[in-house]
Amino acid sequence: MRTRASILASTVLSAGPARAFATGVTRIADVVVPARFTPYVQQRTQEKSRLIQSGAAVVDATLSANLSGAGLTFNEPSFKDLDNDAENVSSDDPTVQSAPKKIGTATEIQVRLSRNQSWSSMDLVDALAGVDPMDAIANLVGGYWARRMQAAFVATMKGVFADNDAAPTGGDTHTAGDMTRTTAALNAGAYQQGVTDFGGKNFIQATLTMGDSMGDLTLIMMHSIPYATALANNLITFKTQSDNTNSIEIPTYLGREVIVDDGVPFSGGLFETWFFGRGALRIGQGSPKVPTEVDRKPENGNGGGQELLYNRTEWTIHPVGHAYIGTTPNGGPANADLQAAASWRRVFPERKQIKIARLITREF
């Protein structure tokens, strides 16, 4: 535990004599040393992200390195797998010649997401009782960014599924709807318990979109309504996981971790449930020019003064096997851009290369 004296001393050394604050009052600027605070928040964000902890999204050093350079989008070419053509049968006839095959290429395109937020010190200082202030602030800010990363992830997946629902265009390699199973038409489109709602049979049908690679799907993200259906049917079990000094209960279904998020789409009685395999998405974590700043506004509050904490981050959230082809404003796309069907194109031809699936169930 750092003492208040050591915190103030380190701040004076790092910030220099330009800023002077009243003695006896701990301010955000006294405890937030940007050079230490920024990586601390990034670490907390990753620790608190269920997507990263589950392995469905992996932090990728290549994508992080891309963010340290210039550009809004990043092209990543790769070789496709060899086509599964029938092999030749050897012959002793010298006039029979084999026709060599070729290997194809694909180019994934990732996009930079530049995001920021600011907070008034009054909101943060109220939480700083009996703990290291910098640790408390980093936890609060890290938790915020973990939630916002998940919101950007949800928007990205909305866009990927919207693209998959449509007929392929412009070099897109998918078959329309090949990542989805739906119960919408069962029972003439009306709800029937145990038939149209979330359960084992419908779950298996969704994972079967991966064929014999169905076991690769290890994470489930679902709305609270189908989750409640699974709970009511005693389909959810819990495992204990330590989060720093706390223990939390993680829901699982058939051994797969479950994330409950009401940002997963629904319409009327139809609800989406998403499935992911390990490494289905790659995440890059960058650092803006000035990631963290503290500013004082003495005129605010009618002269009472206000102190602000600014925090900025840069991400790439990339669904493997896809290319981002949407709009790229200066700060990168907003979540509304990410969720558009026209923003994504699948470039990996084989369904099993995309460790993502979707189940749509009618819950009422």
# chains A, B, ... in the order shown; residues from 1 in each chain; ligands from 1
call {"tool": "residues_around", "arguments": {"residues": "region 275-280 of chain A", "least_positions_apart": "5", "cutoff": "9 Å", "atoms": "only C-alpha atoms", "output": "compact mmCIF listing (two decimals) with C-alpha atoms, in the first residue's frame"}}
result
# COMPACT_ATOMS: atom_id res chain seq x y z
CA SER A 54 -12.82 -16.73 -21.63
CA GLY A 55 -10.39 -16.90 -24.55
CA ALA A 56 -13.03 -16.06 -27.17
CA ALA A 57 -11.12 -12.83 -27.84
CA VAL A 58 -7.32 -12.86 -27.64
CA ALA A 206 -26.67 -24.15 -33.85
CA THR A 207 -23.29 -25.70 -33.05
CA GLY A 215 -16.75 -28.72 -30.17
CA ASP A 216 -14.64 -25.65 -30.96
CA LEU A 217 -17.45 -23.37 -29.75
CA THR A 218 -16.63 -22.76 -26.07
CA LEU A 219 -18.38 -19.49 -25.13
CA ILE A 220 -22.07 -18.52 -25.18
CA MET A 221 -23.31 -14.93 -25.12
CA MET A 222 -27.04 -14.60 -24.55
CA HIS A 318 -11.37 -8.02 -35.30
CA PRO A 319 -13.53 -11.06 -36.15
CA VAL A 320 -11.12 -13.58 -37.65
CA GLY A 321 -11.65 -14.24 -41.34
CA ILE A 354 -15.05 -18.93 -38.61
CA LYS A 355 -15.49 -20.00 -34.97
CA ILE A 356 -18.76 -18.12 -34.59
CA ALA A 357 -22.39 -19.31 -34.66
CA ARG A 358 -25.83 -17.98 -33.80
CA LEU A 359 -29.07 -19.45 -32.51
call {"tool": "select_by_dssp", "arguments": {"residues": "region 101-350 of chain A", "states": "alpha helix (DSSP H)", "output": "VMD selection string"}}
result
chain A and resid 121 to 125 133 to 165 200 to 207 224 to 232 335 to 338
call {"tool": "residues_around", "arguments": {"residues": "Pro288 (chain A)", "least_positions_apart": "3", "cutoff": "9 Å", "atoms": "only C-alpha atoms", "output": "JSON, numbers by chain"}}
result
{"A": [67, 68, 114, 291, 292, 312, 313, 314]}
call {"tool": "closest_atom_pairs", "arguments": {"of": "region 115-184 of chain A", "to": "region 335-351 of chain A", "cutoff": "6 Å", "atoms": "only C-alpha atoms", "output": "CSV"}}
result
residue,atom,partner,partner_atom,distance
A:Ala152,CA,A:Asn335,CA,5.8
A:Ala155,CA,A:Gln339,CA,4.6
A:Thr156,CA,A:Leu338,CA,5.0
A:Lys158,CA,A:Gln339,CA,4.9
A:Gly159,CA,A:Gln339,CA,3.7
A:Ala162,CA,A:Ala341,CA,4.7
A:Asp163,CA,A:Ala341,CA,4.4
A:Asp172,CA,A:Arg346,CA,5.2
A:Thr173,CA,A:Pro349,CA,5.1
call {"tool": "select_by_dssp", "arguments": {"residues": "region 67-316 of chain A", "states": "strand (DSSP E or B)", "output": "MDAnalysis selection string"}}
result
chainID A and resid 73:79 105:111 113:120 180:182 217:222 237:243 246:253 256:260 266:267 270:277 281:286 292:297 306:316
call {"tool": "closest_residue", "arguments": {"among": "A:Gln285, A:Thr273, A:Asn75, A:Gln53", "to": "Ile225 (chain A)", "atoms": "only C-alpha atoms"}}
result
A:Thr273
call {"tool": "residues_around", "arguments": {"residues": "Gln192 (chain A)", "least_positions_apart": "3", "cutoff": "9 Å", "atoms": "only C-alpha atoms", "output": "NGL selection string"}}
result
:A and (186-187 or 195-197 or 362-364)
call {"tool": "write_last_selection", "arguments": {"atoms": "C-alpha atoms", "output": "PDB file, in the first residue's frame"}}
result
ATOM      1  CA  LEU A 186     -41.269 -23.856 -35.950  1.00  0.00           C
ATOM      2  CA  ASN A 187     -44.835 -24.440 -34.699  1.00  0.00           C
ATOM      3  CA  VAL A 195     -39.695 -26.593 -29.037  1.00  0.00           C
ATOM      4  CA  THR A 196     -39.040 -22.988 -30.016  1.00  0.00           C
ATOM      5  CA  ASP A 197     -37.176 -21.781 -26.922  1.00  0.00           C
ATOM      6  CA  ARG A 362     -38.692 -17.817 -29.798  1.00  0.00           C
ATOM      7  CA  GLU A 363     -39.076 -17.361 -26.050  1.00  0.00           C
ATOM      8  CA  PHE A 364     -42.716 -16.184 -25.872  1.00  0.00           C
TER       9      PHE A 364
END
